[in-house]
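Asker: So here's run12.txt, just compact mmCIF, C-alpha atoms and all ligand atoms:
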# COMPACT_ATOMS: atom_id res chain seq x y z
CA MET D 1 11.94 12.06 50.25
CA ARG D 2 11.17 14.93 47.91
CA ILE D 3 8.63 17.59 48.76
CA LEU D 4 7.34 20.36 46.52
CA LEU D 5 6.53 23.56 48.40
CA VAL D 6 4.66 26.36 46.61
CA GLU D 7 4.52 29.54 48.68
CA ASP D 8 4.80 33.12 47.42
CA GLU D 9 5.37 34.79 50.77
CA PRO D 10 9.20 34.92 50.85
CA LYS D 11 9.79 34.67 54.59
CA SER D 12 7.38 31.87 55.18
CA GLY D 13 8.59 29.96 52.11
CA ASP D 14 12.22 30.15 53.24
CA TYR D 15 11.33 29.26 56.80
CA LEU D 16 9.30 26.21 55.80
CA LYS D 17 11.91 25.06 53.32
CA GLN D 18 14.63 25.32 55.92
CA GLY D 19 12.61 23.51 58.57
CA LEU D 20 11.67 20.66 56.26
CA THR D 21 15.23 20.40 55.00
CA GLU D 22 16.52 20.16 58.56
CA ALA D 23 13.96 17.43 59.16
CA GLY D 24 15.68 15.47 56.39
CA PHE D 25 13.44 16.17 53.40
CA ASN D 26 14.61 17.31 50.01
CA VAL D 27 12.56 20.42 49.28
CA ASP D 28 11.96 22.33 46.05
CA LEU D 29 10.44 25.75 46.63
CA ALA D 30 8.41 27.52 43.94
CA ARG D 31 7.25 31.12 44.44
CA ASP D 32 4.19 31.10 42.21
CA GLY D 33 1.58 28.73 40.87
CA VAL D 34 2.94 28.49 37.34
CA ASP D 35 6.44 27.46 38.47
CA GLY D 36 4.95 25.16 41.07
CA LEU D 37 2.78 23.38 38.54
CA HIS D 38 5.71 23.04 36.16
CA LEU D 39 7.81 21.36 38.85
CA ALA D 40 4.90 19.15 39.93
CA LEU D 41 4.47 17.85 36.41
CA THR D 42 8.12 17.44 35.46
CA GLU D 43 9.64 16.12 38.69
CA ASN D 44 8.64 13.36 41.07
CA TYR D 45 7.57 14.31 44.57
CA GLU D 46 6.24 12.25 47.43
CA LEU D 47 4.23 15.25 48.65
CA ALA D 48 3.18 18.74 47.55
CA ILE D 49 2.41 21.61 49.94
CA LEU D 50 0.46 24.39 48.22
CA ASP D 51 -0.42 27.83 49.44
CA VAL D 52 -3.94 28.71 48.24
CA MET D 53 -3.43 32.36 47.32
CA LEU D 54 -0.63 32.39 44.76
CA PRO D 55 0.28 34.73 41.94
CA GLY D 56 -0.04 33.34 38.42
CA LYS D 57 -2.23 30.37 39.27
CA ASP D 58 -3.88 29.77 42.62
CA GLY D 59 -3.48 26.64 44.68
CA TRP D 60 -6.87 25.26 43.62
CA ALA D 61 -5.99 25.51 39.95
CA VAL D 62 -2.56 23.97 40.52
CA LEU D 63 -4.11 21.02 42.33
CA GLY D 64 -6.72 20.59 39.58
CA ASP D 65 -4.00 20.45 36.92
CA ILE D 66 -1.87 18.08 39.00
CA ARG D 67 -4.76 15.62 39.33
CA ARG D 68 -5.78 15.95 35.67
CA ALA D 69 -2.23 15.05 34.73
CA GLY D 70 -2.65 11.83 36.71
CA LYS D 71 -0.23 12.70 39.50
CA ASP D 72 -1.54 11.22 42.72
CA MET D 73 0.95 12.35 45.36
CA PRO D 74 -0.64 13.66 48.55
CA VAL D 75 -1.32 17.40 48.53
CA MET D 76 -1.63 19.68 51.54
CA PHE D 77 -3.06 23.18 51.35
CA LEU D 78 -1.81 26.10 53.41
CA THR D 79 -4.04 29.09 53.73
CA ALA D 80 -4.72 32.14 55.82
CA ARG D 81 -8.40 31.70 55.20
CA ASP D 82 -10.40 29.93 57.79
CA ALA D 83 -13.61 29.47 55.85
CA VAL D 84 -15.30 26.08 55.96
CA ASP D 85 -16.10 26.53 52.26
CA ASP D 86 -12.40 26.61 51.45
CA ARG D 87 -11.77 23.44 53.34
CA VAL D 88 -14.63 21.67 51.58
CA LYS D 89 -13.51 22.98 48.21
CA GLY D 90 -9.96 21.80 48.80
CA LEU D 91 -11.03 18.34 49.84
CA GLU D 92 -13.44 18.06 46.90
CA LEU D 93 -10.63 18.96 44.54
CA GLY D 94 -8.61 16.08 45.93
CA ALA D 95 -6.46 17.74 48.59
CA ASP D 96 -5.42 15.37 51.36
CA ASP D 97 -5.04 17.88 54.15
CA TYR D 98 -5.56 21.54 54.91
CA LEU D 99 -3.62 23.67 57.37
CA VAL D 100 -4.74 27.14 58.43
CA LYS D 101 -2.12 29.85 58.96
CA PRO D 102 -0.64 30.67 61.34
CA PHE D 103 0.42 27.19 62.41
CA ALA D 104 3.26 25.76 64.46
CA PHE D 105 5.99 24.17 62.38
CA SER D 106 5.74 21.03 64.53
CA GLU D 107 2.09 20.74 63.48
CA LEU D 108 3.04 20.95 59.81
CA LEU D 109 5.78 18.36 60.26
CA ALA D 110 3.46 15.94 62.03
CA ARG D 111 0.90 16.24 59.24
CA VAL D 112 3.56 15.87 56.56
CA ARG D 113 4.72 12.62 58.14
CA THR D 114 1.14 11.35 58.42
CA LEU D 115 0.45 12.12 54.76
CA LEU D 116 3.67 10.46 53.65
CA ARG D 117 2.78 7.37 55.63
CA ARG D 118 -0.63 7.26 53.97
CA GLY D 119 0.69 8.18 50.54
CA SER D 120 3.41 5.59 50.64
CA LYS D 121 0.98 2.67 50.30
CA SER D 122 1.56 2.15 46.61
CA SER D 123 4.67 3.88 45.43
CA THR D 124 7.22 4.18 48.19
CA THR D 125 8.94 1.50 50.15
CA GLU D 126 9.14 2.26 53.83
CA THR D 127 12.08 0.18 54.90
CA PHE D 128 15.31 -0.72 53.18
CA GLN D 129 17.71 -3.47 54.04
CA VAL D 130 21.28 -4.27 53.06
CA ALA D 131 22.75 -7.29 54.82
CA ASP D 132 22.13 -6.68 58.54
CA LEU D 133 21.59 -2.93 58.10
CA GLU D 134 18.01 -1.65 58.15
CA LEU D 135 16.66 1.83 57.52
CA ASP D 136 13.08 2.65 58.50
CA LEU D 137 11.92 5.77 56.70
CA LEU D 138 8.83 6.49 58.70
CA ARG D 139 10.31 5.97 62.11
CA ARG D 140 13.53 7.67 60.95
CA ARG D 141 15.47 4.80 62.42
CA VAL D 142 18.60 2.94 61.41
CA VAL D 143 19.57 -0.36 62.98
CA ARG D 144 22.54 -2.60 62.30
CA ALA D 145 22.71 -6.10 63.75
CA GLY D 146 20.12 -5.08 66.31
CA HIS D 147 21.99 -1.93 67.39
CA ARG D 148 20.37 1.44 66.93
CA ILE D 149 22.52 3.96 65.03
CA ASP D 150 21.96 7.69 65.52
CA LEU D 151 22.44 9.77 62.38
CA THR D 152 22.12 13.46 61.62
CA SER D 153 19.43 14.35 59.11
CA LYS D 154 22.01 14.71 56.31
CA GLU D 155 23.62 11.40 57.16
CA PHE D 156 20.18 9.81 57.17
CA ALA D 157 19.35 11.32 53.78
CA LEU D 158 22.67 10.12 52.38
CA LEU D 159 22.18 6.59 53.69
CA GLU D 160 18.59 6.59 52.43
CA LEU D 161 19.75 7.51 48.93
CA LEU D 162 22.44 4.81 48.92
CA MET D 163 20.02 2.19 50.22
CA ARG D 164 17.22 3.13 47.82
CA ARG D 165 19.64 2.45 45.00
CA GLN D 166 21.71 -0.28 46.57
CA GLY D 167 24.15 -2.04 44.31
CA GLU D 168 24.29 1.01 42.06
CA VAL D 169 27.40 3.22 42.02
CA LEU D 170 26.19 6.76 42.68
CA PRO D 171 28.34 9.58 41.31
CA ARG D 172 29.26 12.39 43.68
CA SER D 173 27.37 14.88 41.52
CA LEU D 174 24.16 12.92 41.97
CA ILE D 175 24.69 12.66 45.72
CA ALA D 176 25.36 16.42 45.89
CA SER D 177 22.17 17.30 44.06
CA GLN D 178 19.94 14.81 45.87
CA VAL D 179 21.19 15.19 49.42
CA TRP D 180 22.59 18.72 49.51
CA ASP D 181 20.42 20.22 46.83
CA MET D 182 23.47 21.82 45.27
CA ASN D 183 25.39 21.56 42.07
CA PHE D 184 28.59 19.64 42.31
CA ASP D 185 31.60 21.77 43.06
CA SER D 186 34.88 19.91 42.82
CA ASP D 187 36.50 22.12 45.45
CA THR D 188 34.25 20.92 48.18
CA ASN D 189 34.87 17.76 50.15
CA VAL D 190 31.51 17.85 51.89
CA ILE D 191 30.54 14.47 50.46
CA GLU D 192 33.80 12.77 51.44
CA VAL D 193 33.44 14.11 54.97
CA ALA D 194 29.83 12.95 55.19
CA ILE D 195 30.69 9.50 53.84
CA ARG D 196 33.53 9.19 56.35
CA ARG D 197 31.18 10.08 59.23
CA LEU D 198 28.55 7.71 57.95
CA ARG D 199 31.06 4.89 57.69
CA ALA D 200 32.28 5.55 61.22
CA LYS D 201 28.74 4.98 62.44
CA VAL D 202 27.55 2.27 60.08
CA ASP D 203 30.63 0.23 59.17
CA ASP D 204 33.55 0.77 61.56
CA ALA D 205 32.34 -1.51 64.32
CA PHE D 206 31.57 -4.33 61.91
CA GLU D 207 33.77 -6.74 60.06
CA CYS D 208 31.68 -6.65 56.92
CA LYS D 209 31.85 -3.17 55.32
CA LEU D 210 28.81 -2.15 53.31
CA ILE D 211 29.69 1.30 51.95
CA ARG D 212 32.29 1.12 49.22
CA THR D 213 34.20 3.80 47.33
CA VAL D 214 34.52 3.12 43.63
CA ARG D 215 37.55 5.11 42.62
CA GLY D 216 36.83 7.84 40.13
CA MET D 217 33.15 6.97 40.06
CA GLY D 218 31.37 7.37 43.36
CA TYR D 219 29.90 5.36 46.19
CA VAL D 220 27.81 2.24 46.48
CA ILE D 221 26.21 0.32 49.31
CA GLU D 222 25.91 -3.42 48.94
CA ALA D 223 26.26 -6.62 50.87
CA ASP D 224 29.68 -8.17 50.29
CA THR D 225 28.73 -11.02 48.01
CA ALA D 226 32.26 -12.41 47.98
CA LEU D 227 31.96 -13.66 51.55
CA CA D 301 0.07 33.41 49.39
Turn this file's structure into structure tokens for me.

Answerer:
Amino acid sequence: MRILLVEDEPKSGDYLKQGLTEAGFNVDLARDGVDGLHLALTENYELAILDVMLPGKDGWAVLGDIRRAGKDMPVMFLTARDAVDDRVKGLELGADDYLVKPFAFSELLARVRTLLRRGSKSSTTETFQVADLELDLLRRRVVRAGHRIDLTSKEFALLELLMRRQGEVLPRSLIASQVWDMNFDSDTNVIEVAIRRLRAKVDDAFECKLIRTVRGMGYVIEADTAL
């Protein structure tokens, strides 16, 4: 799931981005309101987290422009201010939640998950299924033939991407940008290694293999229709 984070304070931006990334989200970080708004309007996010006090354009203005453009993803404000007026203003502008700094990262993560659950009513599917393999986004759970499979956050993100676009051959460059947030570098075998680990957990114990390599093209997950 993609999250837009707009935070000008460098340390806190990096820290939040890292924490959310480790929790399995794909995070774009903007350092000011203008860049943040640009990303919000040109990319698709399941959630935006906006600092209120931002250079260029403050969080209120960014939210106003996001809503005027018809984007309805959930928005959470972060602010050092503790004024009730701010909270009311944010909610009136269409913010979905409001977190006062300083906060524990676990608190942020819990609220992010709650907002995503609420926000997913219309646009996002919560569970994916390929043959007897099921991935539950909200509970962060993968089950095959009734057996729970434990994945790292990267493996989960990789499997999520494959399952969201099941039946579609995904090029390695797309996987690199979506899961690792990096440009494809042909010297790295990070994707091959991750696919191998994922297969060991998802496919090895089962007769029917779901993850396929399409030589020279990429990877696809699909039920074996030939059987
Ligand atoms: Ca700030």

Asker: Leaving out Leu115 (chain D) and any residue of its chain fewer than 5 positions from it, which residues lie within 10 Å of it when counting only C-alpha atoms, given as a ChimeraX atom specification?

Answerer: /D:46-47,73-76,96-97,109-110,120

Asker: Given the choices D:Leu41, D:Val52, D:Ala176, D:Leu20, which gets closest to Gly90 (chain D) if the distance is worked out from all atoms listed in the file?

Answerer: D:Val52

Asker: Give the residue list for ligand CA 301 (chain D) at 7 Å, counting only C-alpha atoms and all ligand atoms, as a list in words, sorted by chain and then by residue number.

Answerer: Glu7, Asp8, Glu9, Asp51, Val52, Met53 and Leu54 of chain D

Asker: What is the CA of Val220 (chain D) to CA of Glu155 (chain D) distance in Å?

Answerer: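 Interatomic distance, CA of Val220 (chain D) to CA of Glu155 (chain D): 14.7 Å.
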
Asker: Write out as a PyMOL selection string which residues come within 6 Å of region 205-211 of chain D when counting only C-alpha atoms, dropping same-chain ones fewer than 5 positions away.

Answerer: chain D and resi 220-223

Asker: If you keep C-alpha atoms, can you produce a file of those selected residues as an mmCIF file, in the frame of the given file?

Answerer:
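What follows is the written file part_15.cif:
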data_model
loop_
_atom_site.group_PDB
_atom_site.id
_atom_site.type_symbol
_atom_site.label_atom_id
_atom_site.label_comp_id
_atom_site.auth_asym_id
_atom_site.auth_seq_id
_atom_site.Cartn_x
_atom_site.Cartn_y
_atom_site.Cartn_z
ATOM 1 C CA VAL D 220 27.810 2.240 46.480
ATOM 2 C CA ILE D 221 26.210 0.320 49.310
ATOM 3 C CA GLU D 222 25.910 -3.420 48.940
ATOM 4 C CA ALA D 223 26.260 -6.620 50.870
#

Asker: With only C-alpha atoms as the counted atoms, please give the residues lying no more than 12 Å from Phe103 (chain D), apart from itself and same-chain residues fewer than 6 positions off, as a ChimeraX atom specification.

Answerer: /D:12,16,78-80,109-111

Asker: Given the point (33.5, 12.6, 51.8) in the file's coordinates, find the residues that have an atom at most 12 Å from it, counting only C-alpha atoms, and give them as a list of chain:residue names.

Answerer: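 These residues have at least one counted atom within 12 Å: D:Glu155, D:Leu158, D:Arg172, D:Ile175, D:Ala176, D:Ser186, D:Asp187, D:Thr188, D:Asn189, D:Val190, D:Ile191, D:Glu192, D:Val193, D:Ala194, D:Ile195, D:Arg196, D:Arg197, D:Leu198, D:Arg199, D:Ala200, D:Ile211, D:Arg212, D:Thr213, D:Gly218, D:Tyr219.
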
Asker: Selected residues, C-alpha atoms, written as a PDB file, keeping the file's coordinate frame, please.

Answerer:
ATOM      1  CA  GLU D 155      23.620  11.400  57.160  1.00  0.00           C
ATOM      2  CA  LEU D 158      22.670  10.120  52.380  1.00  0.00           C
ATOM      3  CA  ARG D 172      29.260  12.390  43.680  1.00  0.00           C
ATOM      4  CA  ILE D 175      24.690  12.660  45.720  1.00  0.00           C
ATOM      5  CA  ALA D 176      25.360  16.420  45.890  1.00  0.00           C
ATOM      6  CA  SER D 186      34.880  19.910  42.820  1.00  0.00           C
ATOM      7  CA  ASP D 187      36.500  22.120  45.450  1.00  0.00           C
ATOM      8  CA  THR D 188      34.250  20.920  48.180  1.00  0.00           C
ATOM      9  CA  ASN D 189      34.870  17.760  50.150  1.00  0.00           C
ATOM     10  CA  VAL D 190      31.510  17.850  51.890  1.00  0.00           C
ATOM     11  CA  ILE D 191      30.540  14.470  50.460  1.00  0.00           C
ATOM     12  CA  GLU D 192      33.800  12.770  51.440  1.00  0.00           C
ATOM     13  CA  VAL D 193      33.440  14.110  54.970  1.00  0.00           C
ATOM     14  CA  ALA D 194      29.830  12.950  55.190  1.00  0.00           C
ATOM     15  CA  ILE D 195      30.690   9.500  53.840  1.00  0.00           C
ATOM     16  CA  ARG D 196      33.530   9.190  56.350  1.00  0.00           C
ATOM     17  CA  ARG D 197      31.180  10.080  59.230  1.00  0.00           C
ATOM     18  CA  LEU D 198      28.550   7.710  57.950  1.00  0.00           C
ATOM     19  CA  ARG D 199      31.060   4.890  57.690  1.00  0.00           C
ATOM     20  CA  ALA D 200      32.280   5.550  61.220  1.00  0.00           C
ATOM     21  CA  ILE D 211      29.690   1.300  51.950  1.00  0.00           C
ATOM     22  CA  ARG D 212      32.290   1.120  49.220  1.00  0.00           C
ATOM     23  CA  THR D 213      34.200   3.800  47.330  1.00  0.00           C
ATOM     24  CA  GLY D 218      31.370   7.370  43.360  1.00  0.00           C
ATOM     25  CA  TYR D 219      29.900   5.360  46.190  1.00  0.00           C
TER      26      TYR D 219
END

Asker: Kindly give the distance, in Å, that separates CA of Gln178 (chain D) and CA of Ser106 (chain D), rounded to a single decimal.

Answerer: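 Separating CA of Gln178 (chain D) from CA of Ser106 (chain D) is a distance of 24.3 Å.
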
Asker: Using all atoms listed in the file, find the one residue out of D:Val112, D:Leu162, D:Leu93, D:Ile3 that sits nearest to Leu135 (chain D).

Answerer: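 Going through D:Val112, D:Leu162, D:Leu93, D:Ile3 one by one, the smallest distance to Leu135 (chain D) is for D:Leu162.
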